[in-house]
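Here the structure comes first, spelled out in structure tokens, and everything after it is commentary.
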Amino acid sequence: MILPKVRDPRFVTIRRGGTLTDADHRLLALWAAACAEHVLGLFESSRPEDPRPRQAIWHARAWVRGEVGMMQARAAGGHAMGAARDLRGAARHAAYAAGQAGAVAHVAAHELGAAAYAIKAARAAAPEGESETSRRVECQWQRDQLPEEIRALVLDDQRLRNDICWSVFDC
């Protein structure tokens, strides 16, 4: 479970009663796509013929640009998660990261799922004995990509949801 039982109003758009602006929602989607794309090769090296995770990342960005609707981005995210189901390890986590990125258009709080699964993918791909170093390096890379406008929001979200996200955000 990567989503809290009670939705944080900071990740609910203003038009739905929360405090999240459309601009920040788009930044969350772009950041999630970047996190997923950073580890996408771990999936594609295992399943080069399966375009679903790459398509989910593309749809997340296309949603930000206004080229596809929320339902299309969310569906693409679901297809990416479907690509993960029969896999294990880094490839599975990378596909889930892409799926979560696609779902940000629907529920902004999926942004942390994309990041957490990307960290899990990096950790799973690490050579023996280097998984914790890889986790910290990936976590820091992600933080370095955060736009200033959403930095405090995401870092606080990481702090609050670290326990339900496999404690991957201690970097």
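In the structure tokens, the first chain shown is A, the next is B, and so on; residue numbers restart at 1 for each chain, and ligands run from 1 in the order shown.
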Any chance you could tabulate, as JSON lines, the residues of region 32-84 of chain A at most 12 Å from region 141-145 of chain A with each one's nearest atom pair and distance in Å to one decimal, using only C-alpha atoms, in chain and rising number order?
```
{"residue": "A:Ala32", "atom": "CA", "partner": "A:Gln142", "partner_atom": "CA", "distance": 9.1}
{"residue": "A:Ala33", "atom": "CA", "partner": "A:Gln142", "partner_atom": "CA", "distance": 10.8}
{"residue": "A:Ala34", "atom": "CA", "partner": "A:Gln145", "partner_atom": "CA", "distance": 7.9}
{"residue": "A:Cys35", "atom": "CA", "partner": "A:Gln142", "partner_atom": "CA", "distance": 6.3}
{"residue": "A:Ala36", "atom": "CA", "partner": "A:Gln142", "partner_atom": "CA", "distance": 9.9}
{"residue": "A:Glu37", "atom": "CA", "partner": "A:Gln142", "partner_atom": "CA", "distance": 11.1}
{"residue": "A:His38", "atom": "CA", "partner": "A:Gln142", "partner_atom": "CA", "distance": 9.0}
{"residue": "A:Val39", "atom": "CA", "partner": "A:Gln142", "partner_atom": "CA", "distance": 11.1}
```
> Which of these residues is nearest to Ala29 (chain A), using only C-alpha atoms: A:Gly102, A:Gly113, A:Pro53, A:Gly129?
Replying inline: A:Gly102
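Of the residues under consideration (A:Leu112, A:Leu40, A:Val64, A:Leu3), A:Leu40 shows the shortest atom-to-atom contact distance to Ala94 (chain A) when counting only C-alpha atoms.
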>> Just want the 10 Å neighbourhood of region 131-139 of chain A, counted on only C-alpha atoms, with same-chain residues fewer than 3 positions away dropped. Output as an NGL selection string.
In response: :A and (35 or 38-39 or 115-116 or 118-128 or 142-144 or 168-171)
> DSSP on the backbone: what in chain A comes out alpha helix (DSSP H), as a PyMOL selection string?
Replying inline: chain A and resi 22-44+52-65+70-84+89-103+111-125+131-145+148-161
Store the residues of this selection in a file with C-alpha atoms, as a compact mmCIF listing (two decimals), in the first residue's frame.
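Full text of result.txt as output:
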```txt
# COMPACT_ATOMS: atom_id res chain seq x y z
CA ASP A 22 -3.11 22.45 -11.36
CA ALA A 23 0.42 23.78 -11.89
CA ASP A 24 1.77 21.79 -8.94
CA HIS A 25 -0.19 18.70 -10.02
CA ARG A 26 1.57 18.90 -13.39
CA LEU A 27 4.96 19.30 -11.68
CA LEU A 28 4.27 16.21 -9.57
CA ALA A 29 3.44 14.25 -12.74
CA LEU A 30 6.62 15.39 -14.47
CA TRP A 31 8.75 14.52 -11.45
CA ALA A 32 7.12 11.07 -11.18
CA ALA A 33 7.76 10.48 -14.90
CA ALA A 34 11.41 11.45 -14.46
CA CYS A 35 11.77 9.05 -11.52
CA ALA A 36 10.22 6.20 -13.50
CA GLU A 37 12.19 6.93 -16.64
CA HIS A 38 15.45 6.93 -14.68
CA VAL A 39 15.04 3.18 -14.03
CA LEU A 40 13.04 2.24 -17.14
CA GLY A 41 16.04 0.49 -18.68
CA LEU A 42 15.82 -2.13 -15.94
CA PHE A 43 12.45 -3.17 -17.35
CA GLU A 44 13.34 -2.72 -21.00
CA ARG A 52 3.67 -0.42 -21.89
CA PRO A 53 5.88 1.17 -19.19
CA ARG A 54 7.45 3.61 -21.66
CA GLN A 55 3.98 4.46 -22.94
CA ALA A 56 2.79 5.18 -19.39
CA ILE A 57 5.63 7.65 -18.91
CA TRP A 58 4.85 9.23 -22.26
CA HIS A 59 1.17 9.51 -21.31
CA ALA A 60 2.04 11.16 -17.99
CA ARG A 61 3.98 13.84 -19.84
CA ALA A 62 1.34 14.11 -22.57
CA TRP A 63 -1.28 14.71 -19.86
CA VAL A 64 0.85 17.56 -18.52
CA ARG A 65 1.00 19.05 -22.03
CA MET A 70 -6.64 11.94 -17.34
CA MET A 71 -8.40 8.66 -18.17
CA GLN A 72 -5.91 7.89 -20.94
CA ALA A 73 -2.93 8.56 -18.68
CA ARG A 74 -4.43 6.49 -15.88
CA ALA A 75 -5.21 3.61 -18.25
CA ALA A 76 -1.65 3.67 -19.60
CA GLY A 77 -0.43 3.49 -16.00
CA GLY A 78 -2.61 0.44 -15.41
CA HIS A 79 -1.21 -1.25 -18.51
CA ALA A 80 2.34 -0.62 -17.27
CA MET A 81 1.46 -2.26 -13.98
CA GLY A 82 0.09 -5.18 -15.95
CA ALA A 83 3.50 -5.52 -17.62
CA ALA A 84 5.02 -5.98 -14.15
CA GLY A 89 13.02 -7.87 -8.99
CA ALA A 90 14.25 -4.70 -10.67
CA ALA A 91 12.24 -5.13 -13.89
CA ARG A 92 9.00 -5.52 -11.95
CA HIS A 93 9.65 -2.48 -9.75
CA ALA A 94 10.61 -0.37 -12.77
CA ALA A 95 7.35 -1.23 -14.54
CA TYR A 96 5.39 -0.41 -11.37
CA ALA A 97 7.22 2.94 -11.17
CA ALA A 98 6.04 3.74 -14.70
CA GLY A 99 2.51 2.65 -13.83
CA GLN A 100 2.45 4.89 -10.79
CA ALA A 101 3.72 7.81 -12.90
CA GLY A 102 0.84 7.32 -15.32
CA ALA A 103 -1.62 7.30 -12.43
CA GLU A 111 3.86 10.60 -7.33
CA LEU A 112 5.47 8.99 -4.31
CA GLY A 113 4.65 5.52 -5.61
CA ALA A 114 6.61 6.21 -8.78
CA ALA A 115 9.57 7.38 -6.72
CA ALA A 116 9.40 4.51 -4.22
CA TYR A 117 9.19 1.83 -6.90
CA ALA A 118 12.07 3.44 -8.78
CA ILE A 119 14.19 3.28 -5.64
CA LYS A 120 13.18 -0.35 -5.13
CA ALA A 121 14.20 -1.06 -8.74
CA ALA A 122 17.61 0.55 -8.25
CA ARG A 123 18.13 -1.36 -5.02
CA ALA A 124 17.12 -4.67 -6.63
CA ALA A 125 19.49 -4.11 -9.56
CA SER A 131 21.77 -2.31 -2.41
CA GLU A 132 21.67 0.27 0.40
CA THR A 133 24.16 2.50 -1.38
CA SER A 134 22.11 2.24 -4.58
CA ARG A 135 18.95 3.08 -2.63
CA ARG A 136 20.50 6.22 -1.15
CA VAL A 137 22.00 7.30 -4.49
CA GLU A 138 18.65 6.90 -6.29
CA CYS A 139 16.80 8.69 -3.50
CA GLN A 140 19.23 11.60 -3.67
CA TRP A 141 19.04 11.70 -7.49
CA GLN A 142 15.27 11.99 -7.22
CA ARG A 143 15.50 14.79 -4.69
CA ASP A 144 17.91 16.62 -6.97
CA GLN A 145 15.24 16.53 -9.72
CA GLU A 148 11.55 24.09 -6.09
CA GLU A 149 7.78 24.73 -6.28
CA ILE A 150 6.96 21.23 -5.01
CA ARG A 151 10.13 20.36 -3.10
CA ALA A 152 8.80 20.99 0.43
CA LEU A 153 5.52 19.21 -0.36
CA VAL A 154 7.24 16.08 -1.68
CA LEU A 155 9.84 15.94 1.08
CA ASP A 156 7.11 16.22 3.70
CA ASP A 157 5.11 13.53 1.88
CA GLN A 158 8.18 11.29 1.94
CA ARG A 159 8.54 11.85 5.67
CA LEU A 160 4.87 11.09 6.33
CA ARG A 161 4.57 8.06 4.06
```
> Between A:Trp166, A:Glu49, A:Gly66, A:Ala105, which is the closest to Thr13 (chain A) once you count only C-alpha atoms?
Replying inline: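 The answer is A:Ala105, which sits nearest to Thr13 (chain A).
Shortest separation to Thr19 (chain A) among A:Ala108, A:Leu87, A:Ile2, A:Ile164 occurs at residue A:Ala108, atoms counted being only C-alpha atoms.
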>> As an exercise, work out the distance from CA of Glu67 (chain A) to CA of Val12 (chain A) in Å and give it to one decimal place.
In response: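 Value for the CA of Glu67 (chain A)-CA of Val12 (chain A) distance: 21.7 Å.
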